[in-house]
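Read through the structure below, which is laid out as structure tokens, and then see the notes.
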Amino acid sequence: MTQPKMELLAVTIDCSDADRLANFYAKLSGGEVTYSNEEYGYAQATVGGSTVNFQKVHSFTPPQWPGQEHGQQFHLDFRVDDLAAAVAHAIELGAAKAIEQPGDDGYTVMTDPDGHPFCLCPPSEE
């Protein structure tokens, strides 16, 4: 049997407010909110050239970093050209810098407005 062609269409993230998180990630990455439906608690954004969907979960429990009592569920990594500027930009948009930073200044762990961790990574050294 031949393997069918398959490509990832999108990633969907559970959250407390789909529109708010779609706007946060669109602004963070220079993307845009491409769809929002308040009735279904659903929003979509382009994030770094990829599609990310956000769906409201009424009993949403925020993840914890680095604890595992409420697992992180996912995390996104972003390559940035200026780490300090990207951290400042994320904080201005409502993110927080995580207290625990395991990257030894190689990258910075942040949390979005719903508590999901994401990493800001400096340019790769080639």
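A note on labels: chains of the structure tokens are A, B, ... as shown, every chain counts residues from 1, and ligands are counted from 1 in their shown order.
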
At a cut-off of 12 Å, can you tabulate as a Markdown table every residue of range 23-50 of chain A near range 76-93 of chain A together with its closest atom pair and the distance in Å to one decimal, using only C-alpha atoms and ordering rows by chain then number?
| residue | atom | partner | partner_atom | distance |
| --- | --- | --- | --- | --- |
| A:Asn23 | CA | A:Leu93 | CA | 9.5 |
| A:Phe24 | CA | A:Leu93 | CA | 6.6 |
| A:Tyr25 | CA | A:Leu93 | CA | 9.1 |
| A:Ala26 | CA | A:Leu93 | CA | 10.5 |
| A:Lys27 | CA | A:Leu93 | CA | 7.7 |
| A:Leu28 | CA | A:Ala90 | CA | 6.2 |
| A:Ser29 | CA | A:Phe78 | CA | 8.4 |
| A:Gly30 | CA | A:His89 | CA | 11.2 |
| A:Val47 | CA | A:Phe78 | CA | 9.7 |
| A:Gly48 | CA | A:Phe78 | CA | 8.0 |
| A:Gly49 | CA | A:Phe78 | CA | 11.4 |
| A:Ser50 | CA | A:Leu76 | CA | 11.5 |

* Asked: Neighbours of range 102-115 of chain A within 8 Å (only C-alpha atoms; same-chain residues fewer than 6 positions away dropped), as a ChimeraX atom specification?
  -> /A:15-16,21,24,62-64,83,87,94-96,121-122

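Nearest residue to Tyr35 in chain A, choosing from A:Thr2, A:Gln101, A:Asn53, A:Ser124 and counting only C-alpha atoms: A:Asn53.
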
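Residue-level DSSP output for range 31-90 of chain A, from the backbone, shows alpha helix (DSSP H) at Leu83, Ala84, Ala85, Ala86, Val87, Ala88, His89 and Ala90 of chain A.
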
Would you mind exporting the chosen residues as an mmCIF file, in the first residue's frame, restricted to N, CA and C atoms?
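File produced: again_38.cif:
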data_model
loop_
_atom_site.group_PDB
_atom_site.id
_atom_site.type_symbol
_atom_site.label_atom_id
_atom_site.label_comp_id
_atom_site.auth_asym_id
_atom_site.auth_seq_id
_atom_site.Cartn_x
_atom_site.Cartn_y
_atom_site.Cartn_z
ATOM 1 N N LEU A 83 16.407 38.724 20.458
ATOM 2 C CA LEU A 83 15.743 38.081 21.591
ATOM 3 C C LEU A 83 15.215 39.098 22.600
ATOM 4 N N ALA A 84 16.023 40.078 22.972
ATOM 5 C CA ALA A 84 15.583 41.068 23.968
ATOM 6 C C ALA A 84 14.375 41.848 23.460
ATOM 7 N N ALA A 85 14.398 42.245 22.199
ATOM 8 C CA ALA A 85 13.275 42.994 21.627
ATOM 9 C C ALA A 85 12.024 42.124 21.548
ATOM 10 N N ALA A 86 12.199 40.845 21.226
ATOM 11 C CA ALA A 86 11.057 39.942 21.134
ATOM 12 C C ALA A 86 10.431 39.708 22.508
ATOM 13 N N VAL A 87 11.259 39.570 23.536
ATOM 14 C CA VAL A 87 10.745 39.411 24.904
ATOM 15 C C VAL A 87 9.949 40.655 25.299
ATOM 16 N N ALA A 88 10.494 41.822 25.053
ATOM 17 C CA ALA A 88 9.802 43.070 25.390
ATOM 18 C C ALA A 88 8.478 43.184 24.626
ATOM 19 N N HIS A 89 8.479 42.824 23.351
ATOM 20 C CA HIS A 89 7.272 42.877 22.525
ATOM 21 C C HIS A 89 6.211 41.929 23.085
ATOM 22 N N ALA A 90 6.608 40.707 23.435
ATOM 23 C CA ALA A 90 5.667 39.732 23.971
ATOM 24 C C ALA A 90 5.053 40.221 25.280
#

* With a distance cut-off of 8 Å and only C-alpha atoms, select the neighbouring residues of Thr46 in chain A, excluding the residue or stretch itself and same-chain residues fewer than 5 positions from it, and output the selection as a PyMOL selection string. => chain A and resi 26+31-34+51-52

With C-alpha atoms retained, export the selected residues as a PDB file, in the first residue's frame.
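Wrote result05.pdb, looks like this:
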ATOM      1  CA  ALA A  26      -1.198  37.166  15.436  1.00  0.00           C
ATOM      2  CA  GLY A  31       0.318  37.462  11.451  1.00  0.00           C
ATOM      3  CA  GLU A  32      -3.386  38.162  11.295  1.00  0.00           C
ATOM      4  CA  VAL A  33      -6.654  36.808  12.646  1.00  0.00           C
ATOM      5  CA  THR A  34      -8.280  35.152   9.648  1.00  0.00           C
ATOM      6  CA  THR A  51      -2.411  28.353  10.704  1.00  0.00           C
ATOM      7  CA  VAL A  52      -3.241  28.070  14.387  1.00  0.00           C
TER       8      VAL A  52
END

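Across the structure, CA of Tyr40 in chain A and CA of Asp14 in chain A are spaced 12.7 Å apart.
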
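Taking CA of Leu9 in chain A and CA of Phe54 in chain A as endpoints, the distance between them is 13.7 Å.
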